[in-house]
Amino acid sequence: TLLTTAVTDVLGKATFKGRQATESKSVVQARSATNPEINSDSVTYTYTGLTDNNTTALVYGVVTDAATENGVTVQATISQDPPIEDRFNLTAGQSYSHSYVQTTETTTSFSGFPAQTNTITSNVVDNRTYVGRESITVPAGTFETCKFTESTSFDGTNSDTSTTWISVDHGFFVKSVAGDTENVIVSLSINGNKVIGN
């Protein structure tokens, strides 16, 4: 079990890889009571936008600086071309497919060793389905959500599947399941006001 705490601030307009975007900064702490060697602190900048009709969120990329308790530091820049599309004008049961090239540039440093930089480029295909509305209960409460399923393949292989529940009222992530990994919201505040489910 890993408890992750994130504080996210929307910073405003910025440029990412030549695109005008909205920049958000998330300061994240990840802590495990049973495996402290995987504890980490990170800062992630996310660059997003909207289509002209405001029905599709665009994700241009992220930049993350992370450090573990055993001295490993990682800087990763992930960009997508064209940007990832999150469509929110679907009816229940409707699906769409989206293809893009994802580039991941990673620099890893460890005390006493030279930094190593790697760049990986993948052709990605996302198939996403809006399943419909569903009420779910997590430690933060019970929320009315939009349920999505997604299948993602990289370079034609390694297809990953996941299910995500997004809050109807606030648009935030409530729960996700991918393989044997489950993530749920334990508590949430927006502008200092605690959000409690029904």
# chains A, B, ... in the order shown; residues from 1 in each chain; ligands from 1
$ residues_around --residues "A:Arg133" --least-positions-apart "5" --cutoff "10 Å" --atoms "only C-alpha atoms" --output "PyMOL selection string"
chain A and resi 92+144-148+165-168
$ write_last_selection --atoms "all heavy atoms" --output "mmCIF file, in the first residue's frame"
data_model
loop_
_atom_site.group_PDB
_atom_site.id
_atom_site.type_symbol
_atom_site.label_atom_id
_atom_site.label_comp_id
_atom_site.auth_asym_id
_atom_site.auth_seq_id
_atom_site.Cartn_x
_atom_site.Cartn_y
_atom_site.Cartn_z
ATOM 1 N N ALA A 92 -23.307 7.150 -23.228
ATOM 2 C CA ALA A 92 -22.997 5.856 -22.620
ATOM 3 C C ALA A 92 -22.853 4.774 -23.680
ATOM 4 O O ALA A 92 -23.689 4.632 -24.570
ATOM 5 C CB ALA A 92 -24.091 5.477 -21.626
ATOM 6 N N GLU A 144 -21.031 10.242 -7.360
ATOM 7 C CA GLU A 144 -21.587 9.940 -8.675
ATOM 8 C C GLU A 144 -20.474 10.172 -9.686
ATOM 9 O O GLU A 144 -19.868 11.249 -9.723
ATOM 10 C CB GLU A 144 -22.784 10.841 -8.968
ATOM 11 C CG GLU A 144 -23.488 10.540 -10.280
ATOM 12 C CD GLU A 144 -24.266 9.223 -10.261
ATOM 13 O OE1 GLU A 144 -24.466 8.657 -9.163
ATOM 14 O OE2 GLU A 144 -24.671 8.778 -11.342
ATOM 15 N N THR A 145 -20.192 9.152 -10.505
ATOM 16 C CA THR A 145 -19.036 9.242 -11.396
ATOM 17 C C THR A 145 -19.397 8.895 -12.830
ATOM 18 O O THR A 145 -20.430 8.285 -13.103
ATOM 19 C CB THR A 145 -17.912 8.283 -10.942
ATOM 20 O OG1 THR A 145 -18.352 6.925 -11.104
ATOM 21 C CG2 THR A 145 -17.515 8.536 -9.503
ATOM 22 N N CYS A 146 -18.486 9.277 -13.727
ATOM 23 C CA CYS A 146 -18.482 8.786 -15.110
ATOM 24 C C CYS A 146 -17.422 7.694 -15.183
ATOM 25 O O CYS A 146 -16.272 7.913 -14.793
ATOM 26 C CB CYS A 146 -18.146 9.906 -16.093
ATOM 27 S SG CYS A 146 -19.410 11.173 -16.225
ATOM 28 N N LYS A 147 -17.808 6.531 -15.673
ATOM 29 C CA LYS A 147 -16.908 5.383 -15.729
ATOM 30 C C LYS A 147 -16.362 5.218 -17.140
ATOM 31 O O LYS A 147 -17.122 5.209 -18.113
ATOM 32 C CB LYS A 147 -17.650 4.120 -15.297
ATOM 33 C CG LYS A 147 -16.813 2.848 -15.317
ATOM 34 C CD LYS A 147 -17.652 1.653 -14.879
ATOM 35 C CE LYS A 147 -16.856 0.357 -14.880
ATOM 36 N NZ LYS A 147 -17.685 -0.801 -14.449
ATOM 37 N N PHE A 148 -15.044 5.095 -17.253
ATOM 38 C CA PHE A 148 -14.373 4.907 -18.538
ATOM 39 C C PHE A 148 -13.521 3.646 -18.491
ATOM 40 O O PHE A 148 -12.887 3.354 -17.484
ATOM 41 C CB PHE A 148 -13.455 6.094 -18.858
ATOM 42 C CG PHE A 148 -14.158 7.398 -19.080
ATOM 43 C CD1 PHE A 148 -14.423 8.247 -18.017
ATOM 44 C CD2 PHE A 148 -14.560 7.772 -20.352
ATOM 45 C CE1 PHE A 148 -15.062 9.455 -18.217
ATOM 46 C CE2 PHE A 148 -15.195 8.983 -20.566
ATOM 47 C CZ PHE A 148 -15.461 9.830 -19.493
ATOM 48 N N TRP A 165 -12.834 6.060 -12.838
ATOM 49 C CA TRP A 165 -14.075 6.712 -12.445
ATOM 50 C C TRP A 165 -13.770 8.178 -12.146
ATOM 51 O O TRP A 165 -12.897 8.489 -11.330
ATOM 52 C CB TRP A 165 -14.663 6.046 -11.213
ATOM 53 C CG TRP A 165 -15.185 4.660 -11.430
ATOM 54 C CD1 TRP A 165 -16.490 4.303 -11.625
ATOM 55 C CD2 TRP A 165 -14.451 3.431 -11.442
ATOM 56 N NE1 TRP A 165 -16.609 2.939 -11.772
ATOM 57 C CE2 TRP A 165 -15.372 2.369 -11.661
ATOM 58 C CE3 TRP A 165 -13.094 3.113 -11.286
ATOM 59 C CZ2 TRP A 165 -14.978 1.043 -11.727
ATOM 60 C CZ3 TRP A 165 -12.700 1.796 -11.358
ATOM 61 C CH2 TRP A 165 -13.638 0.771 -11.578
ATOM 62 N N ILE A 166 -14.496 9.107 -12.822
ATOM 63 C CA ILE A 166 -14.283 10.548 -12.685
ATOM 64 C C ILE A 166 -15.527 11.169 -12.051
ATOM 65 O O ILE A 166 -16.650 10.908 -12.489
ATOM 66 C CB ILE A 166 -14.021 11.202 -14.058
ATOM 67 C CG1 ILE A 166 -12.829 10.533 -14.762
ATOM 68 C CG2 ILE A 166 -13.794 12.697 -13.915
ATOM 69 C CD1 ILE A 166 -11.511 10.735 -14.086
ATOM 70 N N SER A 167 -15.336 12.038 -11.050
ATOM 71 C CA SER A 167 -16.459 12.673 -10.367
ATOM 72 C C SER A 167 -17.285 13.521 -11.327
ATOM 73 O O SER A 167 -16.749 14.330 -12.087
ATOM 74 C CB SER A 167 -15.946 13.558 -9.228
ATOM 75 O OG SER A 167 -16.968 14.390 -8.732
ATOM 76 N N VAL A 168 -18.607 13.328 -11.290
ATOM 77 C CA VAL A 168 -19.511 14.118 -12.138
ATOM 78 C C VAL A 168 -19.480 15.576 -11.725
ATOM 79 O O VAL A 168 -19.426 16.484 -12.558
ATOM 80 C CB VAL A 168 -20.944 13.549 -12.067
ATOM 81 C CG1 VAL A 168 -21.944 14.498 -12.731
ATOM 82 C CG2 VAL A 168 -21.011 12.177 -12.706
#
$ residues_around --residues "A:Asn198" --least-positions-apart "6" --cutoff "8 Å" --atoms "only C-alpha atoms" --output "list in words"
Gly141, Thr142 and Phe143 of chain A
$ write_last_selection --atoms "all heavy atoms" --output "mmCIF file, in the first residue's frame"
data_model
loop_
_atom_site.group_PDB
_atom_site.id
_atom_site.type_symbol
_atom_site.label_atom_id
_atom_site.label_comp_id
_atom_site.auth_asym_id
_atom_site.auth_seq_id
_atom_site.Cartn_x
_atom_site.Cartn_y
_atom_site.Cartn_z
ATOM 1 N N GLY A 141 -15.691 9.065 0.488
ATOM 2 C CA GLY A 141 -17.149 9.142 0.477
ATOM 3 C C GLY A 141 -17.726 8.452 -0.744
ATOM 4 O O GLY A 141 -17.039 7.722 -1.462
ATOM 5 N N THR A 142 -19.002 8.697 -0.985
ATOM 6 C CA THR A 142 -19.702 8.124 -2.130
ATOM 7 C C THR A 142 -19.905 9.208 -3.180
ATOM 8 O O THR A 142 -20.398 10.297 -2.863
ATOM 9 C CB THR A 142 -21.063 7.531 -1.703
ATOM 10 O OG1 THR A 142 -20.825 6.499 -0.740
ATOM 11 C CG2 THR A 142 -21.799 6.945 -2.893
ATOM 12 N N PHE A 143 -19.533 8.906 -4.416
ATOM 13 C CA PHE A 143 -19.567 9.902 -5.480
ATOM 14 C C PHE A 143 -20.302 9.360 -6.704
ATOM 15 O O PHE A 143 -20.182 8.177 -7.036
ATOM 16 C CB PHE A 143 -18.143 10.295 -5.898
ATOM 17 C CG PHE A 143 -17.354 10.961 -4.811
ATOM 18 C CD1 PHE A 143 -16.583 10.207 -3.936
ATOM 19 C CD2 PHE A 143 -17.383 12.337 -4.658
ATOM 20 C CE1 PHE A 143 -15.854 10.809 -2.932
ATOM 21 C CE2 PHE A 143 -16.650 12.957 -3.657
ATOM 22 C CZ PHE A 143 -15.884 12.192 -2.787
#
$ atom_distance --atom1 "atom CA of A:Ala33" --atom2 "atom CA of A:Ala178"
22.2 Å
$ select_by_dssp --residues "stretch 78-119 of chain A" --states "strand (DSSP E)" --output "VMD selection string"
chain A and resid 78 to 87 95 to 110 113 to 119
$ closest_residue --among "A:Ser109, A:Ser99, A:Thr129, A:Thr46" --to "A:Arg87" --atoms "only C-alpha atoms"
A:Thr129
$ residues_around --residues "stretch 180-190 of chain A" --least-positions-apart "3" --cutoff "12 Å" --atoms "only C-alpha atoms" --output "VMD selection string"
chain A and resid 1 to 10 136 to 143 160 to 167 170 to 177 193 to 197
$ write_last_selection --atoms "N, CA and C atoms" --output "mmCIF file, in the first residue's frame"
data_model
loop_
_atom_site.group_PDB
_atom_site.id
_atom_site.type_symbol
_atom_site.label_atom_id
_atom_site.label_comp_id
_atom_site.auth_asym_id
_atom_site.auth_seq_id
_atom_site.Cartn_x
_atom_site.Cartn_y
_atom_site.Cartn_z
ATOM 1 N N THR A 1 0.847 -1.189 0.000
ATOM 2 C CA THR A 1 0.000 0.000 0.000
ATOM 3 C C THR A 1 0.876 1.229 0.000
ATOM 4 N N LEU A 2 0.572 2.149 -0.910
ATOM 5 C CA LEU A 2 1.334 3.392 -1.045
ATOM 6 C C LEU A 2 0.379 4.556 -0.891
ATOM 7 N N LEU A 3 0.638 5.438 0.082
ATOM 8 C CA LEU A 3 -0.184 6.624 0.289
ATOM 9 C C LEU A 3 0.481 7.796 -0.411
ATOM 10 N N THR A 4 -0.216 8.377 -1.371
ATOM 11 C CA THR A 4 0.316 9.490 -2.145
ATOM 12 C C THR A 4 -0.453 10.758 -1.807
ATOM 13 N N THR A 5 0.277 11.807 -1.473
ATOM 14 C CA THR A 5 -0.316 13.110 -1.183
ATOM 15 C C THR A 5 0.164 14.099 -2.233
ATOM 16 N N ALA A 6 -0.771 14.770 -2.875
ATOM 17 C CA ALA A 6 -0.419 15.720 -3.937
ATOM 18 C C ALA A 6 -1.104 17.052 -3.684
ATOM 19 N N VAL A 7 -0.347 18.126 -3.841
ATOM 20 C CA VAL A 7 -0.899 19.485 -3.805
ATOM 21 C C VAL A 7 -0.673 20.079 -5.180
ATOM 22 N N THR A 8 -1.781 20.393 -5.867
ATOM 23 C CA THR A 8 -1.706 20.866 -7.249
ATOM 24 C C THR A 8 -2.188 22.303 -7.348
ATOM 25 N N ASP A 9 -1.400 23.143 -8.015
ATOM 26 C CA ASP A 9 -1.759 24.530 -8.277
ATOM 27 C C ASP A 9 -1.761 24.772 -9.781
ATOM 28 N N VAL A 10 -2.785 25.453 -10.267
ATOM 29 C CA VAL A 10 -2.822 25.877 -11.668
ATOM 30 C C VAL A 10 -2.051 27.183 -11.759
ATOM 31 N N ILE A 136 -20.029 5.217 -6.777
ATOM 32 C CA ILE A 136 -19.034 4.366 -6.122
ATOM 33 C C ILE A 136 -18.639 4.971 -4.777
ATOM 34 N N THR A 137 -18.213 4.092 -3.869
ATOM 35 C CA THR A 137 -17.808 4.508 -2.534
ATOM 36 C C THR A 137 -16.322 4.245 -2.343
ATOM 37 N N VAL A 138 -15.598 5.281 -1.912
ATOM 38 C CA VAL A 138 -14.170 5.209 -1.617
ATOM 39 C C VAL A 138 -13.980 5.827 -0.225
ATOM 40 N N PRO A 139 -12.771 5.787 0.353
ATOM 41 C CA PRO A 139 -12.596 6.369 1.685
ATOM 42 C C PRO A 139 -13.041 7.833 1.800
ATOM 43 N N ALA A 140 -13.005 8.597 0.714
ATOM 44 C CA ALA A 140 -13.437 9.997 0.762
ATOM 45 C C ALA A 140 -14.949 10.150 0.746
ATOM 46 N N GLY A 141 -15.691 9.065 0.488
ATOM 47 C CA GLY A 141 -17.149 9.142 0.477
ATOM 48 C C GLY A 141 -17.726 8.452 -0.744
ATOM 49 N N THR A 142 -19.002 8.697 -0.985
ATOM 50 C CA THR A 142 -19.702 8.124 -2.130
ATOM 51 C C THR A 142 -19.905 9.208 -3.180
ATOM 52 N N PHE A 143 -19.533 8.906 -4.416
ATOM 53 C CA PHE A 143 -19.567 9.902 -5.480
ATOM 54 C C PHE A 143 -20.302 9.360 -6.704
ATOM 55 N N ASP A 160 -2.332 -2.550 -22.515
ATOM 56 C CA ASP A 160 -2.703 -2.390 -21.116
ATOM 57 C C ASP A 160 -4.157 -1.954 -21.039
ATOM 58 N N THR A 161 -4.892 -2.480 -20.078
ATOM 59 C CA THR A 161 -6.281 -2.090 -19.902
ATOM 60 C C THR A 161 -6.463 -1.476 -18.522
ATOM 61 N N SER A 162 -7.387 -0.508 -18.418
ATOM 62 C CA SER A 162 -7.653 0.155 -17.149
ATOM 63 C C SER A 162 -9.096 0.634 -17.120
ATOM 64 N N THR A 163 -9.585 0.882 -15.915
ATOM 65 C CA THR A 163 -10.912 1.449 -15.704
ATOM 66 C C THR A 163 -10.757 2.637 -14.769
ATOM 67 N N THR A 164 -11.396 3.758 -15.118
ATOM 68 C CA THR A 164 -11.278 4.985 -14.336
ATOM 69 C C THR A 164 -12.654 5.551 -14.062
ATOM 70 N N TRP A 165 -12.834 6.060 -12.838
ATOM 71 C CA TRP A 165 -14.075 6.712 -12.445
ATOM 72 C C TRP A 165 -13.770 8.178 -12.146
ATOM 73 N N ILE A 166 -14.496 9.107 -12.822
ATOM 74 C CA ILE A 166 -14.283 10.548 -12.685
ATOM 75 C C ILE A 166 -15.527 11.169 -12.051
ATOM 76 N N SER A 167 -15.336 12.038 -11.050
ATOM 77 C CA SER A 167 -16.459 12.673 -10.367
ATOM 78 C C SER A 167 -17.285 13.521 -11.327
ATOM 79 N N HIS A 170 -17.207 17.405 -9.826
ATOM 80 C CA HIS A 170 -15.968 18.170 -9.728
ATOM 81 C C HIS A 170 -14.944 17.846 -10.803
ATOM 82 N N GLY A 171 -15.116 16.728 -11.512
ATOM 83 C CA GLY A 171 -14.197 16.384 -12.587
ATOM 84 C C GLY A 171 -12.892 15.768 -12.118
ATOM 85 N N PHE A 172 -12.786 15.402 -10.835
ATOM 86 C CA PHE A 172 -11.539 14.829 -10.364
ATOM 87 C C PHE A 172 -11.599 13.305 -10.379
ATOM 88 N N PHE A 173 -10.405 12.705 -10.390
ATOM 89 C CA PHE A 173 -10.269 11.256 -10.345
ATOM 90 C C PHE A 173 -10.773 10.745 -8.992
ATOM 91 N N VAL A 174 -11.594 9.699 -8.997
ATOM 92 C CA VAL A 174 -12.090 9.079 -7.769
ATOM 93 C C VAL A 174 -11.446 7.706 -7.557
ATOM 94 N N LYS A 175 -11.332 6.930 -8.642
ATOM 95 C CA LYS A 175 -10.797 5.574 -8.529
ATOM 96 C C LYS A 175 -10.270 5.132 -9.874
ATOM 97 N N SER A 176 -9.249 4.275 -9.871
ATOM 98 C CA SER A 176 -8.784 3.632 -11.096
ATOM 99 C C SER A 176 -8.293 2.230 -10.770
ATOM 100 N N VAL A 177 -8.457 1.336 -11.726
ATOM 101 C CA VAL A 177 -7.990 -0.041 -11.588
ATOM 102 C C VAL A 177 -7.252 -0.413 -12.865
ATOM 103 N N ASN A 193 -11.180 23.876 0.604
ATOM 104 C CA ASN A 193 -12.462 23.365 1.067
ATOM 105 C C ASN A 193 -12.510 21.858 0.855
ATOM 106 N N LYS A 194 -12.732 21.119 1.950
ATOM 107 C CA LYS A 194 -12.754 19.665 1.851
ATOM 108 C C LYS A 194 -13.974 19.198 1.072
ATOM 109 N N VAL A 195 -13.736 18.288 0.133
ATOM 110 C CA VAL A 195 -14.805 17.695 -0.669
ATOM 111 C C VAL A 195 -15.177 16.362 -0.027
ATOM 112 N N ILE A 196 -16.442 16.205 0.322
ATOM 113 C CA ILE A 196 -16.915 14.997 0.973
ATOM 114 C C ILE A 196 -18.005 14.386 0.103
ATOM 115 N N GLY A 197 -17.919 13.096 -0.136
ATOM 116 C CA GLY A 197 -18.936 12.414 -0.919
ATOM 117 C C GLY A 197 -20.249 12.331 -0.175
#
$ atom_distance --atom1 "atom CA of A:Asn39" --atom2 "atom CA of A:Asn191"
26.8 Å
$ closest_residue --among "A:Thr77, A:Pro36, A:Asn54, A:Arg31" --to "A:Lys17" --atoms "only C-alpha atoms"
A:Thr77
$ atom_distance --atom1 "atom CA of A:Ser26" --atom2 "atom CA of A:Ala57"
18.3 Å
$ residues_around --residues "A:Val74" --least-positions-apart "6" --cutoff "6 Å" --atoms "only C-alpha atoms" --output "PyMOL selection string"
chain A and resi 65-66+107-108
$ residues_around --residues "A:Ala21" --least-positions-apart "6" --cutoff "8 Å" --atoms "only C-alpha atoms" --output "number ranges by chain"
A: 13-15, 47-49, 60
$ closest_residue --among "A:Leu90, A:Thr103, A:Gln29, A:Gln75" --to "A:Gly61" --atoms "only C-alpha atoms"
A:Thr103
$ closest_residue --among "A:Val72, A:Val28, A:Val125, A:Leu50" --to "A:Tyr96" --atoms "only C-alpha atoms"
A:Val125
$ decode --residues "stretch 168-189 of chain A" --atoms "N, CA, C and O atoms" --output "PDB file, in the first residue's frame"
ATOM      1  N   VAL A 168     -18.607  13.328 -11.290  1.00  0.00           N
ATOM      2  CA  VAL A 168     -19.511  14.118 -12.138  1.00  0.00           C
ATOM      3  C   VAL A 168     -19.480  15.576 -11.725  1.00  0.00           C
ATOM      4  O   VAL A 168     -19.426  16.484 -12.558  1.00  0.00           O
ATOM      5  N   ASP A 169     -19.508  15.850 -10.424  1.00  0.00           N
ATOM      6  CA  ASP A 169     -19.643  17.224  -9.940  1.00  0.00           C
ATOM      7  C   ASP A 169     -18.365  18.042 -10.044  1.00  0.00           C
ATOM      8  O   ASP A 169     -18.416  19.240 -10.310  1.00  0.00           O
ATOM      9  N   HIS A 170     -17.207  17.405  -9.826  1.00  0.00           N
ATOM     10  CA  HIS A 170     -15.968  18.170  -9.728  1.00  0.00           C
ATOM     11  C   HIS A 170     -14.944  17.846 -10.803  1.00  0.00           C
ATOM     12  O   HIS A 170     -13.966  18.562 -10.962  1.00  0.00           O
ATOM     13  N   GLY A 171     -15.116  16.728 -11.512  1.00  0.00           N
ATOM     14  CA  GLY A 171     -14.197  16.384 -12.587  1.00  0.00           C
ATOM     15  C   GLY A 171     -12.892  15.768 -12.118  1.00  0.00           C
ATOM     16  O   GLY A 171     -11.964  15.599 -12.913  1.00  0.00           O
ATOM     17  N   PHE A 172     -12.786  15.402 -10.835  1.00  0.00           N
ATOM     18  CA  PHE A 172     -11.539  14.829 -10.364  1.00  0.00           C
ATOM     19  C   PHE A 172     -11.599  13.305 -10.379  1.00  0.00           C
ATOM     20  O   PHE A 172     -12.666  12.694 -10.364  1.00  0.00           O
ATOM     21  N   PHE A 173     -10.405  12.705 -10.390  1.00  0.00           N
ATOM     22  CA  PHE A 173     -10.269  11.256 -10.345  1.00  0.00           C
ATOM     23  C   PHE A 173     -10.773  10.745  -8.992  1.00  0.00           C
ATOM     24  O   PHE A 173     -10.445  11.298  -7.941  1.00  0.00           O
ATOM     25  N   VAL A 174     -11.594   9.699  -8.997  1.00  0.00           N
ATOM     26  CA  VAL A 174     -12.090   9.079  -7.769  1.00  0.00           C
ATOM     27  C   VAL A 174     -11.446   7.706  -7.557  1.00  0.00           C
ATOM     28  O   VAL A 174     -11.037   7.370  -6.451  1.00  0.00           O
ATOM     29  N   LYS A 175     -11.332   6.930  -8.642  1.00  0.00           N
ATOM     30  CA  LYS A 175     -10.797   5.574  -8.529  1.00  0.00           C
ATOM     31  C   LYS A 175     -10.270   5.132  -9.874  1.00  0.00           C
ATOM     32  O   LYS A 175     -10.784   5.547 -10.923  1.00  0.00           O
ATOM     33  N   SER A 176      -9.249   4.275  -9.871  1.00  0.00           N
ATOM     34  CA  SER A 176      -8.784   3.632 -11.096  1.00  0.00           C
ATOM     35  C   SER A 176      -8.293   2.230 -10.770  1.00  0.00           C
ATOM     36  O   SER A 176      -7.798   1.979  -9.665  1.00  0.00           O
ATOM     37  N   VAL A 177      -8.457   1.336 -11.726  1.00  0.00           N
ATOM     38  CA  VAL A 177      -7.990  -0.041 -11.588  1.00  0.00           C
ATOM     39  C   VAL A 177      -7.252  -0.413 -12.865  1.00  0.00           C
ATOM     40  O   VAL A 177      -7.780  -0.255 -13.977  1.00  0.00           O
ATOM     41  N   ALA A 178      -6.014  -0.880 -12.710  1.00  0.00           N
ATOM     42  CA  ALA A 178      -5.223  -1.354 -13.849  1.00  0.00           C
ATOM     43  C   ALA A 178      -4.485  -2.607 -13.408  1.00  0.00           C
ATOM     44  O   ALA A 178      -3.625  -2.541 -12.515  1.00  0.00           O
ATOM     45  N   GLY A 179      -4.851  -3.744 -13.976  1.00  0.00           N
ATOM     46  CA  GLY A 179      -4.262  -5.004 -13.544  1.00  0.00           C
ATOM     47  C   GLY A 179      -4.610  -5.259 -12.097  1.00  0.00           C
ATOM     48  O   GLY A 179      -5.768  -5.163 -11.692  1.00  0.00           O
ATOM     49  N   ASP A 180      -3.587  -5.521 -11.271  1.00  0.00           N
ATOM     50  CA  ASP A 180      -3.844  -5.761  -9.851  1.00  0.00           C
ATOM     51  C   ASP A 180      -3.591  -4.512  -9.008  1.00  0.00           C
ATOM     52  O   ASP A 180      -3.477  -4.591  -7.781  1.00  0.00           O
ATOM     53  N   THR A 181      -3.501  -3.345  -9.655  1.00  0.00           N
ATOM     54  CA  THR A 181      -3.267  -2.083  -8.949  1.00  0.00           C
ATOM     55  C   THR A 181      -4.553  -1.268  -8.898  1.00  0.00           C
ATOM     56  O   THR A 181      -5.196  -1.041  -9.924  1.00  0.00           O
ATOM     57  N   GLU A 182      -4.916  -0.834  -7.697  1.00  0.00           N
ATOM     58  CA  GLU A 182      -6.109  -0.010  -7.512  1.00  0.00           C
ATOM     59  C   GLU A 182      -5.723   1.282  -6.812  1.00  0.00           C
ATOM     60  O   GLU A 182      -4.991   1.260  -5.817  1.00  0.00           O
ATOM     61  N   ASN A 183      -6.182   2.415  -7.341  1.00  0.00           N
ATOM     62  CA  ASN A 183      -5.956   3.714  -6.735  1.00  0.00           C
ATOM     63  C   ASN A 183      -7.300   4.322  -6.370  1.00  0.00           C
ATOM     64  O   ASN A 183      -8.223   4.314  -7.194  1.00  0.00           O
ATOM     65  N   VAL A 184      -7.413   4.861  -5.153  1.00  0.00           N
ATOM     66  CA  VAL A 184      -8.651   5.496  -4.717  1.00  0.00           C
ATOM     67  C   VAL A 184      -8.334   6.795  -3.991  1.00  0.00           C
ATOM     68  O   VAL A 184      -7.255   6.968  -3.416  1.00  0.00           O
ATOM     69  N   ILE A 185      -9.293   7.726  -4.023  1.00  0.00           N
ATOM     70  CA  ILE A 185      -9.167   8.983  -3.295  1.00  0.00           C
ATOM     71  C   ILE A 185      -9.486   8.736  -1.820  1.00  0.00           C
ATOM     72  O   ILE A 185     -10.541   8.186  -1.483  1.00  0.00           O
ATOM     73  N   VAL A 186      -8.560   9.147  -0.944  1.00  0.00           N
ATOM     74  CA  VAL A 186      -8.780   9.032   0.495  1.00  0.00           C
ATOM     75  C   VAL A 186      -9.380  10.324   1.040  1.00  0.00           C
ATOM     76  O   VAL A 186     -10.287  10.310   1.864  1.00  0.00           O
ATOM     77  N   SER A 187      -8.886  11.462   0.578  1.00  0.00           N
ATOM     78  CA  SER A 187      -9.443  12.760   0.945  1.00  0.00           C
ATOM     79  C   SER A 187      -9.072  13.760  -0.138  1.00  0.00           C
ATOM     80  O   SER A 187      -8.104  13.564  -0.884  1.00  0.00           O
ATOM     81  N   LEU A 188      -9.856  14.844  -0.229  1.00  0.00           N
ATOM     82  CA  LEU A 188      -9.653  15.826  -1.282  1.00  0.00           C
ATOM     83  C   LEU A 188     -10.128  17.190  -0.812  1.00  0.00           C
ATOM     84  O   LEU A 188     -11.179  17.309  -0.173  1.00  0.00           O
ATOM     85  N   SER A 189      -9.332  18.215  -1.126  1.00  0.00           N
ATOM     86  CA  SER A 189      -9.739  19.595  -0.881  1.00  0.00           C
ATOM     87  C   SER A 189      -9.529  20.395  -2.149  1.00  0.00           C
ATOM     88  O   SER A 189      -8.543  20.197  -2.874  1.00  0.00           O
TER      89      SER A 189
END
